[in-house]
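K.L.:
Have a peek at structure-v5.cif (mmCIF, C-alpha atoms and all ligand atoms).
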```
data_data
loop_
_atom_site.label_atom_id
_atom_site.label_comp_id
_atom_site.auth_asym_id
_atom_site.auth_seq_id
_atom_site.Cartn_x
_atom_site.Cartn_y
_atom_site.Cartn_z
CA MET A 105 33.49 -58.30 -72.67
CA ILE A 106 31.84 -55.43 -74.47
CA ALA A 107 29.27 -57.05 -76.70
CA LEU A 108 25.56 -57.06 -76.02
CA ALA A 109 24.05 -60.41 -75.16
CA ALA A 110 21.43 -62.46 -76.94
CA THR A 111 18.21 -62.23 -74.98
CA SER A 112 16.23 -65.24 -76.18
CA PRO A 113 15.14 -67.28 -73.16
CA THR A 114 15.85 -70.47 -75.10
CA THR A 115 19.51 -69.73 -75.80
CA PRO A 116 22.44 -69.00 -73.54
CA ALA A 117 23.24 -65.30 -73.29
CA LEU A 118 26.32 -65.38 -75.47
CA PRO A 119 27.45 -62.07 -76.91
CA LEU A 120 26.46 -61.81 -80.58
CA LEU A 121 29.84 -60.39 -81.52
CA ASP A 122 32.89 -60.33 -79.31
CA PRO A 123 36.37 -59.17 -80.34
CA ALA A 124 37.80 -61.85 -78.05
CA ARG A 125 36.61 -64.43 -80.62
CA LEU A 126 39.18 -63.08 -83.07
CA ASP A 127 41.85 -64.67 -80.92
CA ARG A 128 41.82 -68.04 -82.64
CA PRO A 129 44.65 -69.60 -84.60
CA ASP A 130 42.92 -69.50 -87.96
CA THR A 131 42.21 -65.75 -87.89
CA LEU A 132 44.14 -64.18 -90.72
CA ILE A 133 45.60 -60.72 -90.10
CA ARG A 134 47.67 -59.02 -92.79
CA LEU A 135 49.04 -55.50 -93.05
CA GLU A 136 50.23 -55.84 -96.66
CA PRO A 137 49.36 -55.04 -99.42
CA PHE A 138 46.72 -53.30 -97.28
CA PRO A 139 45.51 -53.99 -93.73
CA PHE A 140 42.81 -56.66 -93.52
CA LEU A 141 41.64 -59.51 -91.36
CA ALA A 142 39.41 -62.51 -92.01
CA ALA A 143 38.02 -64.66 -89.22
CA HIS A 144 35.84 -67.75 -88.92
CA GLY A 145 33.26 -68.53 -86.25
CA GLN A 146 32.46 -65.00 -85.11
CA LEU A 147 28.72 -65.55 -84.54
CA PRO A 148 27.36 -67.94 -81.90
CA GLU A 149 25.57 -71.06 -83.14
CA SER A 150 22.87 -70.40 -80.55
CA ALA A 151 21.82 -67.19 -82.37
CA ARG A 152 21.56 -68.68 -85.85
CA ALA A 153 17.79 -69.29 -85.81
CA ASP A 154 17.13 -65.82 -84.40
CA PHE A 155 19.16 -64.19 -87.16
CA ASP A 156 17.37 -66.26 -89.80
CA ARG A 157 14.03 -65.07 -88.45
CA ASP A 158 15.07 -61.44 -88.01
CA PHE A 159 17.07 -60.78 -91.18
CA PRO A 160 15.33 -58.17 -93.38
CA LYS A 161 13.37 -59.49 -96.34
CA TYR A 162 14.23 -57.14 -99.20
CA SER A 163 12.60 -57.69 -102.54
CA GLY A 164 15.56 -56.27 -104.50
CA ALA A 165 19.21 -57.24 -104.88
CA GLY A 166 22.20 -55.39 -103.44
CA PHE A 167 22.89 -53.41 -100.27
CA PHE A 168 20.15 -51.35 -98.64
CA PRO A 169 20.62 -48.75 -95.90
CA TYR A 170 19.95 -50.26 -92.49
CA ASN A 171 16.45 -49.51 -91.25
CA GLU A 172 15.69 -50.99 -87.85
CA LYS A 173 11.99 -51.26 -88.68
CA GLU A 174 12.87 -53.89 -91.31
CA CYS A 175 14.85 -56.03 -88.84
CA GLY A 176 13.95 -58.22 -85.91
CA PRO A 177 15.53 -57.86 -82.46
CA SER A 178 18.61 -60.07 -82.89
CA ILE A 179 19.71 -58.20 -86.02
CA ARG A 180 19.10 -54.85 -84.36
CA THR A 181 21.23 -55.92 -81.39
CA LEU A 182 23.98 -57.21 -83.66
CA VAL A 183 24.06 -53.95 -85.65
CA GLU A 184 24.19 -51.95 -82.44
CA THR A 185 27.15 -54.01 -81.26
CA MET A 186 29.02 -53.99 -84.56
CA ALA A 187 28.64 -50.22 -84.95
CA SER A 188 29.59 -49.45 -81.35
CA PRO A 189 32.79 -47.50 -80.66
CA ALA A 190 34.00 -50.21 -78.28
CA PHE A 191 33.80 -52.92 -80.96
CA ALA A 192 35.35 -50.62 -83.57
CA ASN A 193 38.27 -49.74 -81.34
CA ALA A 194 38.91 -53.39 -80.49
CA VAL A 195 38.84 -54.73 -84.06
CA GLY A 196 40.43 -51.64 -85.61
CA GLY A 197 43.33 -52.04 -83.23
CA LYS A 198 44.07 -55.43 -84.80
CA LEU A 199 44.85 -53.58 -88.05
CA GLY A 200 46.71 -50.70 -86.44
CA ILE A 201 43.80 -48.27 -86.88
CA ALA A 202 43.81 -46.02 -83.83
CA ASN A 203 40.44 -45.04 -82.37
CA LEU A 204 38.28 -46.38 -85.20
CA GLY A 205 35.29 -45.84 -82.91
CA GLN A 206 35.56 -42.07 -83.30
CA PHE A 207 34.25 -42.23 -86.87
CA PRO A 208 30.57 -42.16 -87.88
CA THR A 209 29.20 -45.46 -89.12
CA MET A 210 26.98 -46.35 -92.00
CA VAL A 211 25.31 -49.75 -91.89
CA SER A 212 23.86 -51.49 -94.93
CA ILE A 213 22.44 -54.94 -95.44
CA CYS A 214 22.24 -57.26 -98.43
CA ARG A 215 20.04 -60.33 -98.76
CA HIS A 216 20.15 -61.05 -102.48
CA LEU A 217 22.86 -60.72 -105.06
CA SER A 218 22.77 -60.32 -108.80
CA LYS A 219 25.57 -61.13 -111.22
CA ARG A 220 26.28 -57.42 -111.52
CA HIS A 221 27.67 -57.26 -107.97
CA GLY A 222 31.21 -57.91 -106.84
CA THR A 223 33.19 -56.05 -109.47
CA ILE A 224 36.63 -55.05 -108.22
CA HIS A 225 36.91 -51.78 -106.28
CA THR A 226 38.60 -50.19 -103.27
CA ASP A 227 35.61 -48.61 -101.45
CA SER A 228 35.27 -44.86 -101.60
CA LYS A 229 37.80 -42.37 -100.27
CA CYS A 230 35.38 -41.29 -97.55
CA THR A 231 35.61 -44.78 -96.00
CA VAL A 232 38.15 -45.37 -93.23
CA ALA A 233 37.44 -49.08 -92.84
CA THR A 234 34.80 -51.64 -93.76
CA GLY A 235 33.54 -54.63 -91.76
CA LEU A 236 31.39 -57.44 -93.15
CA VAL A 237 29.67 -60.33 -91.40
CA TYR A 238 28.03 -63.16 -93.33
CA PHE A 239 24.98 -65.31 -92.60
CA ASN A 240 24.37 -67.90 -95.32
CA THR A 241 23.63 -71.37 -94.01
CA GLU A 242 25.78 -72.85 -96.72
CA TRP A 243 27.51 -71.82 -99.91
CA ARG A 244 27.46 -73.99 -102.95
CA ASP A 245 31.11 -73.72 -103.85
CA THR A 246 34.24 -71.68 -103.84
CA GLY A 247 34.55 -69.11 -106.62
CA GLY A 248 31.37 -67.14 -107.42
CA GLY A 249 30.24 -64.90 -104.56
CA CYS A 250 33.31 -65.56 -102.35
CA LEU A 251 35.11 -62.37 -101.32
CA ARG A 252 38.63 -61.95 -102.62
CA PHE A 253 41.26 -59.49 -101.44
CA LEU A 254 43.34 -58.61 -104.46
CA ALA A 255 46.68 -57.18 -105.53
CA LYS A 256 45.29 -55.45 -108.64
CA ILE A 257 42.17 -53.66 -109.78
CA ASP A 258 42.03 -55.58 -113.05
CA ASP A 259 42.64 -59.19 -112.07
CA ILE A 260 40.11 -61.14 -109.96
CA ASP A 261 42.60 -64.01 -109.77
CA ALA A 262 45.39 -61.90 -108.19
CA THR A 263 44.37 -62.99 -104.69
CA VAL A 264 46.47 -62.05 -101.68
CA ALA A 265 44.65 -64.39 -99.26
CA PRO A 266 42.25 -67.33 -99.37
CA GLU A 267 38.80 -66.24 -100.53
CA VAL A 268 36.06 -65.87 -97.92
CA GLN A 269 32.89 -67.90 -98.33
CA PRO A 270 29.81 -65.89 -97.31
CA VAL A 271 28.74 -68.40 -94.67
CA TYR A 272 27.52 -67.98 -91.14
CA GLY A 273 29.99 -66.32 -88.80
CA GLU A 274 32.63 -65.30 -91.32
CA PHE A 275 33.86 -61.79 -90.52
CA VAL A 276 36.21 -59.52 -92.42
CA LEU A 277 37.53 -56.07 -91.74
CA PHE A 278 39.81 -54.02 -93.93
CA LYS A 279 41.28 -50.56 -93.95
CA ARG A 280 40.35 -48.60 -97.03
CA ALA A 281 43.37 -47.59 -99.13
CA ASP A 282 44.05 -46.68 -102.73
CA ASN A 283 45.03 -50.33 -103.22
CA SER A 284 42.40 -52.05 -101.03
CA PHE A 285 41.14 -53.96 -104.06
CA HIS A 286 38.42 -56.51 -103.40
CA GLY A 287 35.63 -58.21 -105.27
CA PHE A 288 34.16 -61.56 -106.18
CA LEU A 289 33.22 -63.59 -109.19
CA PRO A 290 29.61 -63.30 -110.36
CA ALA A 291 26.90 -65.11 -108.44
CA GLU A 292 23.21 -64.62 -107.88
CA GLY A 293 20.68 -65.58 -105.26
CA GLU A 294 20.63 -65.29 -101.52
CA ARG A 295 23.87 -64.01 -99.99
CA ARG A 296 23.19 -62.44 -96.62
CA VAL A 297 25.68 -59.92 -95.28
CA ILE A 298 25.74 -56.92 -92.96
CA LYS A 299 28.25 -54.19 -93.73
CA VAL A 300 29.51 -51.45 -91.45
CA ALA A 301 31.50 -48.65 -93.05
CA TRP A 302 33.34 -46.23 -90.80
CA LEU A 303 33.33 -42.89 -92.62
CA THR A 304 35.59 -39.87 -92.49
CA SER A 305 32.88 -37.37 -91.52
CA GLU A 306 29.21 -36.82 -90.70
CA GLU A 307 28.89 -34.87 -93.97
CA GLU A 308 29.95 -37.90 -95.97
CA LYS A 309 27.54 -40.05 -93.98
CA LEU A 310 24.67 -37.71 -94.82
CA ARG A 311 25.62 -37.68 -98.48
CA LYS A 312 25.87 -41.48 -98.65
CA THR A 313 22.62 -41.95 -96.75
CA ARG A 314 20.76 -39.68 -99.15
CA ARG A 315 22.20 -41.51 -102.12
CA GLY A 316 21.38 -44.92 -100.60
CA ASN A 317 17.76 -43.96 -100.00
CA ALA A 318 17.45 -42.52 -103.50
CA THR A 319 18.65 -45.76 -105.10
CA ARG A 320 16.49 -48.01 -102.89
CA PHE A 321 13.42 -47.70 -105.10
CA PHE A 322 15.44 -48.20 -108.26
CA LYS A 323 17.03 -51.38 -106.92
CA ARG A 324 13.62 -52.95 -106.49
CA LEU A 325 12.93 -52.42 -110.18
CA ALA A 326 16.36 -53.16 -111.53
CA GLY A 327 16.56 -56.94 -111.08
CA GLY A 328 15.91 -57.67 -114.76
CA LEU A 329 18.48 -55.16 -115.92
CA ASP A 330 21.00 -56.53 -113.43
CA ARG A 331 20.59 -60.03 -114.79
CA LEU A 332 21.01 -58.77 -118.32
CA TYR A 333 24.12 -56.77 -117.48
CA GLY A 334 25.58 -59.36 -115.11
CA ALA A 335 25.34 -62.14 -117.66
CA HIS A 336 27.83 -60.27 -119.86
CA ARG A 337 30.14 -58.99 -117.17
CA ASP A 338 33.86 -59.57 -117.58
CA ARG A 339 35.17 -61.78 -114.75
CA SER A 340 37.75 -59.14 -113.78
CA ALA A 341 35.41 -56.15 -114.22
CA ALA A 342 36.09 -53.22 -111.90
CA HIS A 343 34.26 -50.09 -110.83
CA ARG A 344 35.45 -46.81 -109.34
CA ASN A 345 33.77 -45.55 -106.22
FE FE P 401 33.57 -52.85 -101.12
#
```
I'd like the structure from this file rewritten - as structure tokens, please.
Ligand SMILES: [Fe+2]
P.N.:
Amino acid sequence: MIALAATSPTTPALPLLDPARLDRPDTLIRLEPFPFLAAHGQLPESARADFDRDFPKYSGAGFFPYNEKECGPSIRTLVETMASPAFANAVGGKLGIANLGQFPTMVSICRHLSKRHGTIHTDSKCTVATGLVYFNTEWRDTGGGCLRFLAKIDDIDATVAPEVQPVYGEFVLFKRADNSFHGFLPAEGERRVIKVAWLTSEEEKLRKTRRGNATRFFKRLAGGLDRLYGAHRDRSAAHRN
């Protein structure tokens, strides 16, 4: 067992993430049309309240670069585990990615969504693989805000697997490829997710970190514009990384 343990005295010391939990019959692993996996129940119930308390409280919508000062201890421990080489190697191996843990990681966190988010894309060429873990207590429905892996860049309904609701303990990992199309139908409101991107080089990490910090301030101001834009978004809209 490689994962770090929860330390709350009121909860059993279960690991917050553990690749062994992927070994359940409903874990979906596909290598075509691109390598991805989707798994339920990857976070312990005993840590739910700690994560709720410790999740960063951003005022803007979208992903923000991880800053440990904005997170409580359980989230910091989870990020440390998820970004560790041991975890990366274990989960990457499920998709045939050798030694994923050798690559630098970039962690970002989203608490709120606007209707602008979720347009179809592949992730950028400097990404080797992307992992996402979700935290919402519940999700109102299927459809809006549920992650879809897709066969095409221009059709949000061309799903290649069941969509993933952004609820507590759902975990996905996919290998970035020129056809790793993914996205979701528009939604807005709270949608809590932590993303780890394994990147091709430290230079790309530096470049992305600078860009993420530069857009942080703008995102706090942009909520009104996002709502305006998102309200008119085409359901199969795409963006290039
Ligand atoms: Fe993406």
K.L.:
Around ligand FE 401 (chain P), out to 7 Å and counting only C-alpha atoms and all ligand atoms, which residues are there? I want them as a short mmCIF file (atom, residue, chain, number, x, y, z; two decimals) with C-alpha atoms, in the coordinates of the input.
P.N.:
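Output saved as result-v4.cif:
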```cif
data_model
loop_
_atom_site.label_atom_id
_atom_site.label_comp_id
_atom_site.auth_asym_id
_atom_site.auth_seq_id
_atom_site.Cartn_x
_atom_site.Cartn_y
_atom_site.Cartn_z
CA HIS A 225 36.91 -51.78 -106.28
CA THR A 226 38.60 -50.19 -103.27
CA ASP A 227 35.61 -48.61 -101.45
CA HIS A 286 38.42 -56.51 -103.40
#
```
K.L.:
With a cut-off of 12 Å, could you pull out the residues of range 261-287 of chain A touching range 203-210 of chain A and give me the nearest pair of atoms for each, distance in Å to one decimal, using all atoms listed in the file, ordered by chain and ascending number, as JSON lines?
P.N.:
```
{"residue": "A:Leu277", "atom": "CA", "partner": "A:Leu204", "partner_atom": "CA", "distance": 11.7}
{"residue": "A:Phe278", "atom": "CA", "partner": "A:Leu204", "partner_atom": "CA", "distance": 11.7}
{"residue": "A:Lys279", "atom": "CA", "partner": "A:Leu204", "partner_atom": "CA", "distance": 10.2}
```
K.L.:
Of the residues A:Ala262, A:Thr185, A:Ile298, A:His221, which is the one nearest to Asn240 in chain A, using only C-alpha atoms?
P.N.:
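That would be A:Ile298, the residue with the smallest distance to Asn240 in chain A.
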K.L.:
Find the residues near His216 in chain A: any atom within 8 Å, counting all atoms listed in the file, skip ones fewer than 5 places away on the same chain, and give them as a list in words.
P.N.:
Tyr162, Gly164, Ala165, Gly166, Glu292, Gly293, Glu294, Arg295 and Arg296 of chain A
K.L.:
CA of Asp130 in chain A and CA of Ala233 in chain A, how far apart in Å?
P.N.:
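Distance reported for this atom pair: 21.7 Å.
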K.L.:
From the options A:Leu303, A:Val211, A:Leu126, A:Ile257, which residue's atoms come nearest to Arg180 in chain A, counting all atoms listed in the file?
P.N.:
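The answer is A:Val211, which sits nearest to Arg180 in chain A.
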K.L.:
Counting only C-alpha atoms, which residue out of A:Pro169, A:Pro119, A:Gly249, A:Pro177 sits closest to Lys312 in chain A?
P.N.:
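Nearest candidate to Lys312 in chain A out of A:Pro169, A:Pro119, A:Gly249, A:Pro177: A:Pro169.
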K.L.:
Just to confirm, what's the straight-line distance from CA of Arg128 in chain A to CA of Thr263 in chain A in Å (one decimal)?
P.N.:
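Separation between CA of Arg128 in chain A and CA of Thr263 in chain A: 22.8 Å.
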K.L.:
Nearest residue to Ser163 in chain A out of A:Ala202, A:Cys214, A:Arg314, A:Phe239, using all atoms listed in the file?
P.N.:
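Of all the options, A:Cys214 lies closest to Ser163 in chain A.
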K.L.:
Of the candidates A:Asn317, A:Thr304, A:Gln269, A:Lys219, which one gets nearest to Arg339 in chain A if we count all atoms listed in the file?
P.N.:
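Of the candidates, the smallest distance to Arg339 in chain A is held by A:Lys219.
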K.L.:
Hey, can you check how far CA of Lys256 in chain A sits from CA of Gly316 in chain A?
P.N.:
27.3 Å
K.L.:
Show me, as a PyMOL selection string, the residues that have an atom within 7 Å of Glu274 in chain A when counting all atoms listed in the file, minus same-chain residues fewer than 2 positions from it.
P.N.:
chain A and resi 143-146+237-238+270-272+276
